[in-house]
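Asks: This one is run_18.csv, CSV, C-alpha atoms.
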```
chain,number,residue,atom,x,y,z
S,15,MET,CA,121.3,61.8,76.7
S,16,ARG,CA,120.2,60.4,80.1
S,17,ALA,CA,121.8,56.9,79.6
S,18,THR,CA,123.3,54.4,77.2
S,19,LEU,CA,122.5,50.7,77.6
S,20,ARG,CA,124.0,47.6,76.0
S,21,CYS,CA,122.5,44.1,76.1
S,22,TRP,CA,125.2,41.5,76.7
S,23,GLY,CA,122.7,38.6,77.4
S,24,THR,CA,119.0,38.3,76.8
S,25,ARG,CA,118.3,34.6,77.0
S,26,GLY,CA,116.6,33.0,80.0
S,27,THR,CA,116.9,29.7,82.0
S,28,PHE,CA,120.0,28.3,80.2
S,29,PRO,CA,122.5,29.6,77.6
S,30,SER,CA,121.5,28.5,74.0
S,31,PRO,CA,124.2,29.3,71.4
S,32,GLY,CA,123.6,28.0,67.9
S,33,ARG,CA,122.6,28.8,64.4
S,34,HIS,CA,119.0,29.4,65.4
S,35,THR,CA,119.8,32.1,68.0
S,36,LEU,CA,122.4,34.2,66.2
S,37,ARG,CA,120.4,37.4,65.9
S,38,TYR,CA,119.0,37.6,69.5
S,39,GLY,CA,121.9,35.7,71.1
S,40,GLY,CA,122.3,32.7,73.4
S,41,ASN,CA,123.9,34.3,76.5
S,42,THR,CA,121.8,34.7,79.6
S,43,ALA,CA,120.8,37.9,81.4
S,44,CYS,CA,123.2,40.8,81.5
S,45,VAL,CA,122.6,44.5,80.7
S,46,GLU,CA,125.1,47.3,81.0
S,47,MET,CA,124.0,50.9,81.7
S,48,ARG,CA,126.2,54.0,81.6
S,49,LEU,CA,125.2,57.5,82.6
S,50,PRO,CA,126.8,60.7,81.1
S,51,ASP,CA,129.0,61.2,84.3
S,52,GLY,CA,130.6,57.8,83.8
S,53,THR,CA,128.5,55.9,86.4
S,54,GLN,CA,128.3,52.3,85.3
S,55,VAL,CA,125.6,49.8,86.5
S,56,VAL,CA,125.4,46.2,85.4
S,57,LEU,CA,122.0,44.4,85.8
S,58,ASP,CA,122.4,40.7,86.3
S,59,ALA,CA,125.4,38.4,86.0
S,60,GLY,CA,124.4,35.8,83.4
S,61,THR,CA,126.8,34.4,80.9
S,62,GLY,CA,126.7,37.7,79.0
S,63,LEU,CA,128.8,39.1,81.9
S,64,ARG,CA,131.9,37.4,80.6
S,65,ALA,CA,132.0,39.4,77.3
S,66,LEU,CA,131.2,42.6,79.1
S,67,GLY,CA,134.1,42.0,81.5
S,68,TYR,CA,136.6,41.5,78.6
S,69,SER,CA,135.3,44.7,76.9
S,70,LEU,CA,136.5,46.8,79.8
S,71,PRO,CA,140.1,48.1,79.8
S,72,ILE,CA,142.4,46.7,82.5
S,73,ALA,CA,142.4,49.7,84.7
S,74,ALA,CA,145.4,51.0,86.7
S,75,PRO,CA,144.7,52.6,90.1
S,76,SER,CA,144.6,56.3,90.2
S,77,VAL,CA,147.3,58.5,91.8
S,78,ALA,CA,145.3,58.2,95.0
S,79,GLY,CA,145.3,54.5,94.7
S,80,ALA,CA,141.5,54.2,94.0
S,81,ARG,CA,140.3,51.7,91.5
S,82,PRO,CA,137.4,52.4,89.1
S,83,VAL,CA,134.1,51.0,90.3
S,84,VAL,CA,131.7,48.6,88.6
S,85,THR,CA,128.3,48.2,90.4
S,86,LEU,CA,126.7,44.8,89.7
S,87,LEU,CA,123.0,44.5,90.8
S,88,LEU,CA,121.2,41.1,90.7
S,89,THR,CA,117.4,40.7,90.3
S,90,HIS,CA,117.7,37.3,92.1
S,91,ARG,CA,120.1,34.4,92.6
S,92,HIS,CA,118.9,31.7,90.1
S,93,SER,CA,121.8,30.2,88.2
S,94,ASP,CA,121.1,31.8,84.8
S,95,HIS,CA,121.5,35.2,86.5
S,96,VAL,CA,124.7,34.6,88.4
S,97,ILE,CA,126.6,32.0,86.4
S,98,GLY,CA,128.9,34.7,84.8
S,99,LEU,CA,130.2,36.0,88.1
S,100,ALA,CA,133.2,33.6,88.2
S,101,HIS,CA,134.2,34.7,84.7
S,102,PHE,CA,134.0,38.5,85.1
S,103,ALA,CA,137.4,39.9,84.2
S,104,PRO,CA,137.3,42.8,86.7
S,105,ILE,CA,137.1,40.2,89.5
S,106,LEU,CA,139.8,38.0,88.1
S,107,THR,CA,142.3,40.9,87.4
S,108,ARG,CA,141.3,42.7,90.6
S,109,SER,CA,141.8,46.0,88.7
S,110,TYR,CA,138.3,47.3,89.6
S,111,THR,CA,136.3,47.6,92.7
S,112,VAL,CA,133.3,45.4,92.1
S,113,ARG,CA,130.2,46.2,94.2
S,114,ILE,CA,127.5,43.6,94.2
S,115,ALA,CA,124.0,43.6,95.7
S,116,CYS,CA,120.8,41.8,95.2
S,117,GLY,CA,117.3,43.1,95.9
S,118,GLY,CA,115.6,41.4,98.8
S,119,VAL,CA,118.7,39.5,99.9
S,120,THR,CA,120.9,40.0,102.9
S,121,ALA,CA,124.6,40.6,102.6
S,122,ALA,CA,125.2,37.3,104.4
S,123,ALA,CA,123.2,35.3,101.9
S,124,LEU,CA,124.8,37.1,99.0
S,125,CYS,CA,128.3,36.4,100.5
S,126,GLU,CA,127.4,32.8,100.7
S,127,LEU,CA,126.3,32.7,97.0
S,128,ALA,CA,129.5,34.5,95.9
S,129,GLY,CA,131.6,32.1,97.9
S,130,LEU,CA,129.9,29.1,96.3
S,131,GLN,CA,130.4,30.5,92.8
S,132,LEU,CA,134.1,31.4,93.3
S,133,SER,CA,135.3,28.4,95.3
S,134,PRO,CA,135.8,24.7,94.7
S,135,PRO,CA,134.2,22.5,93.5
S,136,LEU,CA,132.6,25.0,91.1
S,137,PHE,CA,135.7,27.2,90.7
S,138,PRO,CA,139.5,26.8,91.3
S,139,ALA,CA,140.9,27.8,94.6
S,140,LEU,CA,142.4,31.3,93.9
S,141,ASP,CA,143.5,33.4,96.8
S,142,GLY,CA,141.6,36.7,97.2
S,143,ILE,CA,139.0,36.1,94.5
S,144,VAL,CA,136.0,36.2,96.9
S,145,GLU,CA,137.5,39.3,98.6
S,146,ALA,CA,137.7,41.1,95.3
S,147,LEU,CA,133.9,41.6,95.6
S,148,THR,CA,132.4,44.2,97.9
S,149,VAL,CA,129.1,42.8,98.9
S,150,GLU,CA,126.4,45.4,99.9
S,151,THR,CA,122.7,45.5,100.6
S,152,PHE,CA,119.7,47.6,99.5
S,153,ASP,CA,118.5,49.8,102.4
S,154,ALA,CA,115.2,49.5,104.3
S,155,ALA,CA,113.4,51.3,101.5
S,156,ASN,CA,114.8,48.8,99.0
S,157,THR,CA,117.0,51.4,97.4
S,158,PHE,CA,120.6,51.1,96.5
S,159,SER,CA,122.8,54.2,96.0
S,160,VAL,CA,125.1,53.7,93.0
S,161,SER,CA,126.5,57.2,92.9
S,162,ALA,CA,125.5,60.8,93.5
S,163,SER,CA,123.7,60.7,90.2
S,164,CYS,CA,122.2,57.2,90.3
S,165,ARG,CA,120.1,55.1,92.6
S,166,VAL,CA,118.3,51.8,92.0
S,167,HIS,CA,115.0,50.8,93.6
S,168,ALA,CA,114.0,47.1,93.9
S,169,LEU,CA,110.3,46.3,93.5
S,170,HIS,CA,108.8,42.9,94.3
S,171,ALA,CA,108.5,40.5,91.3
S,172,GLN,CA,106.4,37.3,91.2
S,173,HIS,CA,108.9,34.5,90.8
S,174,PRO,CA,109.6,31.3,92.7
S,175,GLY,CA,112.3,31.9,95.4
S,176,GLY,CA,111.9,35.6,95.1
S,177,ALA,CA,113.1,38.2,92.6
S,178,SER,CA,113.0,42.0,92.0
S,179,VAL,CA,112.2,44.4,89.3
S,180,LEU,CA,115.1,46.9,89.3
S,181,VAL,CA,114.3,50.5,88.5
S,182,VAL,CA,117.3,52.7,87.8
S,183,HIS,CA,116.9,56.5,88.5
S,184,ASP,CA,119.1,59.3,87.5
S,185,GLU,CA,118.9,62.8,89.0
S,186,THR,CA,115.7,63.6,87.1
S,187,GLY,CA,113.7,60.4,87.7
S,188,PRO,CA,113.3,56.8,86.6
S,189,VAL,CA,115.2,55.8,83.4
S,190,VAL,CA,114.8,52.1,83.0
S,191,ALA,CA,112.9,49.3,84.6
S,192,TYR,CA,114.4,45.8,84.4
S,193,ALA,CA,112.1,42.8,85.0
S,194,PRO,CA,113.5,39.7,83.4
S,195,ASP,CA,111.7,37.2,85.7
S,196,ASN,CA,108.2,38.3,86.6
S,197,GLU,CA,104.9,36.4,86.3
S,198,LEU,CA,102.3,39.1,85.7
S,199,ALA,CA,99.2,36.8,85.8
S,200,PHE,CA,100.2,34.5,88.6
S,201,ALA,CA,97.0,33.6,90.6
S,202,ALA,CA,95.3,36.3,88.4
S,203,ASP,CA,92.0,36.2,90.4
S,204,ASP,CA,93.7,36.6,93.8
S,205,PRO,CA,93.0,40.1,95.2
S,206,LEU,CA,96.5,40.3,96.6
S,207,ILE,CA,98.0,39.6,93.2
S,208,THR,CA,95.7,42.1,91.6
S,209,ALA,CA,96.8,44.7,94.1
S,210,TRP,CA,100.4,43.9,93.5
S,211,ARG,CA,100.1,44.2,89.8
S,212,ASP,CA,98.2,47.5,90.1
S,213,ALA,CA,100.9,48.8,92.4
S,214,LEU,CA,103.7,47.7,90.1
S,215,ALA,CA,102.0,49.4,87.1
S,216,HIS,CA,101.6,52.6,89.2
S,217,SER,CA,105.3,52.5,90.2
S,218,LEU,CA,106.4,52.1,86.6
S,219,TYR,CA,103.9,54.6,85.1
S,220,GLY,CA,105.6,56.6,82.3
S,221,ILE,CA,108.9,54.6,82.4
S,222,PRO,CA,111.0,55.5,79.4
S,223,LEU,CA,112.4,52.0,78.8
S,224,LEU,CA,110.9,48.7,80.2
S,225,PHE,CA,112.7,45.3,79.9
S,226,HIS,CA,110.1,42.7,80.7
S,227,ASP,CA,110.0,38.9,80.9
S,228,ALA,CA,108.6,37.4,77.6
S,229,THR,CA,109.6,33.8,78.2
S,230,TYR,CA,106.3,32.3,76.8
S,231,THR,CA,103.6,33.0,74.3
S,232,ASP,CA,100.0,33.2,75.4
S,233,ASP,CA,99.4,29.7,73.9
S,234,GLU,CA,102.2,28.3,76.1
S,235,LEU,CA,101.0,29.7,79.4
S,236,GLY,CA,98.6,27.0,80.4
S,237,ASP,CA,101.3,24.5,81.1
S,238,HIS,CA,103.5,27.0,82.9
S,239,ARG,CA,101.4,28.8,85.5
S,240,GLY,CA,103.4,29.3,88.6
S,241,TRP,CA,106.7,29.0,86.9
S,242,GLY,CA,107.5,32.7,87.4
S,243,HIS,CA,107.4,34.0,83.9
S,244,SER,CA,105.1,36.0,81.6
S,245,SER,CA,104.1,35.8,77.9
S,246,ALA,CA,105.2,38.4,75.4
S,247,GLU,CA,101.5,39.4,75.0
S,248,GLU,CA,101.1,39.9,78.7
S,249,ALA,CA,104.2,42.0,78.8
S,250,THR,CA,102.9,44.2,76.0
S,251,GLN,CA,99.5,44.7,77.7
S,252,PHE,CA,101.4,45.6,80.9
S,253,ALA,CA,103.6,48.1,79.1
S,254,LEU,CA,100.5,49.7,77.6
S,255,ARG,CA,99.1,50.1,81.0
S,256,CYS,CA,102.3,51.6,82.3
S,257,GLN,CA,102.4,54.0,79.3
S,258,ALA,CA,106.0,53.0,78.9
S,259,GLY,CA,108.0,54.6,76.1
S,260,THR,CA,109.7,51.4,74.8
S,261,LEU,CA,109.2,47.8,75.7
S,262,LEU,CA,112.0,45.3,75.2
S,263,LEU,CA,110.9,41.7,75.4
S,264,THR,CA,113.6,39.7,77.2
S,265,HIS,CA,114.5,36.5,79.0
S,266,HIS,CA,113.8,34.6,75.7
S,267,HIS,CA,113.1,30.9,76.2
S,268,PRO,CA,116.2,28.8,75.4
S,269,ASP,CA,114.4,26.9,72.7
S,270,ARG,CA,113.0,30.1,71.0
S,271,THR,CA,114.5,30.6,67.6
S,272,ASP,CA,115.3,34.0,66.1
S,273,ASP,CA,112.4,33.6,63.6
S,274,GLU,CA,110.0,32.7,66.4
S,275,ILE,CA,111.1,35.8,68.3
S,276,ASP,CA,110.4,37.9,65.2
S,277,ALA,CA,106.9,36.5,65.0
S,278,MET,CA,106.4,37.2,68.7
S,279,VAL,CA,107.4,40.9,68.2
S,280,ALA,CA,105.0,41.1,65.2
S,281,ARG,CA,102.1,39.9,67.4
S,282,CYS,CA,103.0,42.4,70.1
S,283,ARG,CA,103.2,45.2,67.7
S,284,ALA,CA,99.8,44.3,66.4
S,285,ILE,CA,98.4,44.6,70.0
S,286,VAL,CA,100.0,48.1,70.2
S,287,ALA,CA,98.5,49.1,66.9
S,288,ASP,CA,95.0,47.9,67.9
S,289,ALA,CA,95.4,50.0,71.1
S,290,ARG,CA,96.4,53.0,68.9
S,291,SER,CA,99.4,53.5,71.3
S,292,ALA,CA,102.8,55.1,70.6
S,293,LEU,CA,104.5,52.3,72.6
S,294,ARG,CA,107.6,51.0,70.7
S,295,VAL,CA,108.1,47.2,71.0
S,296,ASP,CA,111.2,45.2,70.2
S,297,ALA,CA,113.0,42.1,71.4
S,298,ALA,CA,116.2,42.6,73.4
S,299,ALA,CA,119.1,41.3,71.4
S,300,GLU,CA,122.7,40.6,72.3
S,301,GLY,CA,124.8,43.5,71.2
S,302,MET,CA,121.9,45.9,71.1
S,303,VAL,CA,122.8,49.4,72.1
S,304,LEU,CA,120.0,51.8,73.3
S,305,GLU,CA,120.0,55.5,74.3
S,306,VAL,CA,117.5,57.0,76.6
S,307,ALA,CA,117.0,60.7,76.0
```
Let me see the structure of the file written as structure tokens.

Replies:
Amino acid sequence: MRATLRCWGTRGTFPSPGRHTLRYGGNTACVEMRLPDGTQVVLDAGTGLRALGYSLPIAAPSVAGARPVVTLLLTHRHSDHVIGLAHFAPILTRSYTVRIACGGVTAAALCELAGLQLSPPLFPALDGIVEALTVETFDAANTFSVSASCRVHALHAQHPGGASVLVVHDETGPVVAYAPDNELAFAADDPLITAWRDALAHSLYGIPLLFHDATYTDDELGDHRGWGHSSAEEATQFALRCQAGTLLLTHHHPDRTDDEIDAMVARCRAIVADARSALRVDAAAEGMVLEVA
């Protein structure tokens, strides 16, 4: 097994708990990934991060004094992707070393964000909380080294204010691509956008598991061009082009009910059937556990 993933938050824009979101969940973006050697990567720090944090054992330092490491990588800095940071138990207990980085963002800018999230007036004044984070940066090639067995590459996403598609690699190649905020058809007729989309599809060709933004339906796109999100149908066509193994629709609109997401999945599976493709399509759901072979 190359990796095990668990979805802790799959909603976009704003948390939306309630009776109509029980099956797919109301918490915002957070996905945990573990490799067989114990390497742990957390993608985004939405409200799902809180439950993830409390699922981890309170770790004691090793004999050498080293703490276990959690690596937290952000696609971008919008509130629904960082709001869980101040409620992440490994930071509050200071029993882990928490490394944090964000694609396309300097360490100074990320330090400022962490400081705002973990300081008054948004958070109580607690000594040493900000210092419990180790803020790092992607290198000049937009790559972050998590461990000897794992690295993450940040690709450009189309999203207001900037965002990244995070591609996690193990020793044998790419395992998962995570694109919760990405507008595939932004300025669709622009040659530069066409070239970007072609390059992204090439970079993700053959990806075993693709999480992709499915905030809207095709019928809703007309009123939301330039908002930085894709439709489920667009995500499916893109996954077909990438020849991905599995597509997980994610970043569900906060008003989207479980039944509406079911209908969305059915439409996307019909697209795949018409293409006579082996692509598997599902909607990311809170609590979902996946294994990539």

Asks: Go ahead and find all residues with at least one atom no further than 12 Å from (106.6, 34.1, 86.1) in the file's coordinates, using all atoms listed in the file; report them as a ChimeraX atom specification.

Replies: /S:26-27,171-178,193-202,226-230,235,238-246,248-249,265

Asks: Provide the atom CA of S:Ala258 to atom CA of S:Asp237 distance in Å, to one decimal place.

Replies: 29.0 Å

Asks: Name all residues at most 10 Å from S:Ala115 (count all atoms listed in the file; drop same-chain ones fewer than 4 positions away) and give them as a PDB file with C-alpha atoms, in the coordinates of the input.

Replies:
```pdb
ATOM      1  CA  ASP S  58     122.400  40.700  86.300  1.00  0.00           C
ATOM      2  CA  THR S  85     128.300  48.200  90.400  1.00  0.00           C
ATOM      3  CA  LEU S  86     126.700  44.800  89.700  1.00  0.00           C
ATOM      4  CA  LEU S  87     123.000  44.500  90.800  1.00  0.00           C
ATOM      5  CA  LEU S  88     121.200  41.100  90.700  1.00  0.00           C
ATOM      6  CA  THR S  89     117.400  40.700  90.300  1.00  0.00           C
ATOM      7  CA  HIS S  90     117.700  37.300  92.100  1.00  0.00           C
ATOM      8  CA  VAL S 119     118.700  39.500  99.900  1.00  0.00           C
ATOM      9  CA  THR S 120     120.900  40.000 102.900  1.00  0.00           C
ATOM     10  CA  ALA S 121     124.600  40.600 102.600  1.00  0.00           C
ATOM     11  CA  LEU S 124     124.800  37.100  99.000  1.00  0.00           C
ATOM     12  CA  CYS S 125     128.300  36.400 100.500  1.00  0.00           C
ATOM     13  CA  THR S 148     132.400  44.200  97.900  1.00  0.00           C
ATOM     14  CA  VAL S 149     129.100  42.800  98.900  1.00  0.00           C
ATOM     15  CA  GLU S 150     126.400  45.400  99.900  1.00  0.00           C
ATOM     16  CA  THR S 151     122.700  45.500 100.600  1.00  0.00           C
ATOM     17  CA  PHE S 152     119.700  47.600  99.500  1.00  0.00           C
ATOM     18  CA  PHE S 158     120.600  51.100  96.500  1.00  0.00           C
TER      19      PHE S 158
END
```

Asks: Using only C-alpha atoms, find the one residue out of S:Pro104, S:Gly117, S:Gly62, S:Gly67 that sits nearest to S:Ala146.

Replies: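 Using only C-alpha atoms, S:Ala146 sits closest to S:Pro104.
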
Asks: List every protein, DNA or RNA residue that has an atom no more than 12 Å from (140.3, 38.7, 89.7) in the file's coordinate frame, counting all atoms listed in the file, and report them as an NGL selection string.

Replies: :S and (67 or 72 or 99-112 or 132 or 139-147)

Asks: Can you tell me how far atom CA of S:Val56 sits from atom CA of S:Leu19, in Å to one decimal?

Replies: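 Straight-line distance from atom CA of S:Val56 to atom CA of S:Leu19 works out to 9.5 Å.
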
Asks: What box, with edges along x, y and z, holds each listed atom of stretch 188-205 of chain S when 6 Å is added on every side, and can you state its centre and edge lengths in Å to one decimal, as lines of an AutoDock Vina configuration file?

Replies:
```
center_x = 103.6
center_y = 45.2
center_z = 89.1
size_x = 35.2
size_y = 35.2
size_z = 24.2
```

Asks: As an NGL selection string, please: the residues near S:Asp296 (cut-off 8 Å, only C-alpha atoms, same-chain neighbours under 6 positions excluded).

Replies: :S and (260-263 or 279)

Asks: Write the selection just made, keeping C-alpha atoms, as a tab-separated table (two decimals), in the coordinates of the input?

Replies:
```tsv
chain	number	residue	atom	x	y	z
S	260	THR	CA	109.70	51.40	74.80
S	261	LEU	CA	109.20	47.80	75.70
S	262	LEU	CA	112.00	45.30	75.20
S	263	LEU	CA	110.90	41.70	75.40
S	279	VAL	CA	107.40	40.90	68.20
```

Asks: Could you name the residues that touch S:Pro29 at 7 Å or less, counting only C-alpha atoms, but leaving out those on the same chain fewer than 5 positions away, as a list of chain:residue names?

Replies: S:Gly40, S:Asn41, S:Thr42, S:Pro268

Asks: Near stretch 34-37 of chain S, counting only C-alpha atoms, which residues have an atom at most 9 Å away, once you skip same-chain residues fewer than 5 positions from it, shown as a PyMOL selection string?

Replies: chain S and resi 268-273+299-300

Asks: Could you turn the residues from that selection into a file that holds C-alpha atoms, as a PDB file, in the coordinates of the input?

Replies:
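Okay, this is what ended up in part_19.pdb:
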```
ATOM      1  CA  PRO S 268     116.200  28.800  75.400  1.00  0.00           C
ATOM      2  CA  ASP S 269     114.400  26.900  72.700  1.00  0.00           C
ATOM      3  CA  ARG S 270     113.000  30.100  71.000  1.00  0.00           C
ATOM      4  CA  THR S 271     114.500  30.600  67.600  1.00  0.00           C
ATOM      5  CA  ASP S 272     115.300  34.000  66.100  1.00  0.00           C
ATOM      6  CA  ASP S 273     112.400  33.600  63.600  1.00  0.00           C
ATOM      7  CA  ALA S 299     119.100  41.300  71.400  1.00  0.00           C
ATOM      8  CA  GLU S 300     122.700  40.600  72.300  1.00  0.00           C
TER       9      GLU S 300
END
```

Asks: Mind checking which residues fall within 8 Å of stretch 281-287 of chain S, counting only C-alpha atoms, ignoring those fewer than 6 positions away in the same chain, and posting them as number ranges by chain?

Replies: S: 246-247, 250-251, 254, 293-295

Asks: Taking all atoms listed in the file into account, which of S:Trp210, S:Phe252, S:Phe137, S:Trp22 comes nearest S:Leu57?

Replies: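 Looking at the shortest contact to S:Leu57, the residue is S:Trp22.
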
Asks: Which of these, S:Ile207, S:Ala280, S:Ala307, S:Ala298, has the shortest distance to S:Cys21 once you count all atoms listed in the file?

Replies: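 Comparing S:Ile207, S:Ala280, S:Ala307, S:Ala298 against S:Cys21, the winner is S:Ala298.
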
Asks: I'd like to know which of S:Leu130, S:Val45, S:Leu206, S:Val303 is closest to S:Ala191, using only C-alpha atoms.

Replies: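 Looking at the shortest contact to S:Ala191, the residue is S:Val45.
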
Asks: When distances are computed from all atoms listed in the file, which of S:Gly52, S:Gly60, S:Gly32, S:Gly259 shows the smallest separation from S:Tyr219?

Replies: S:Gly259
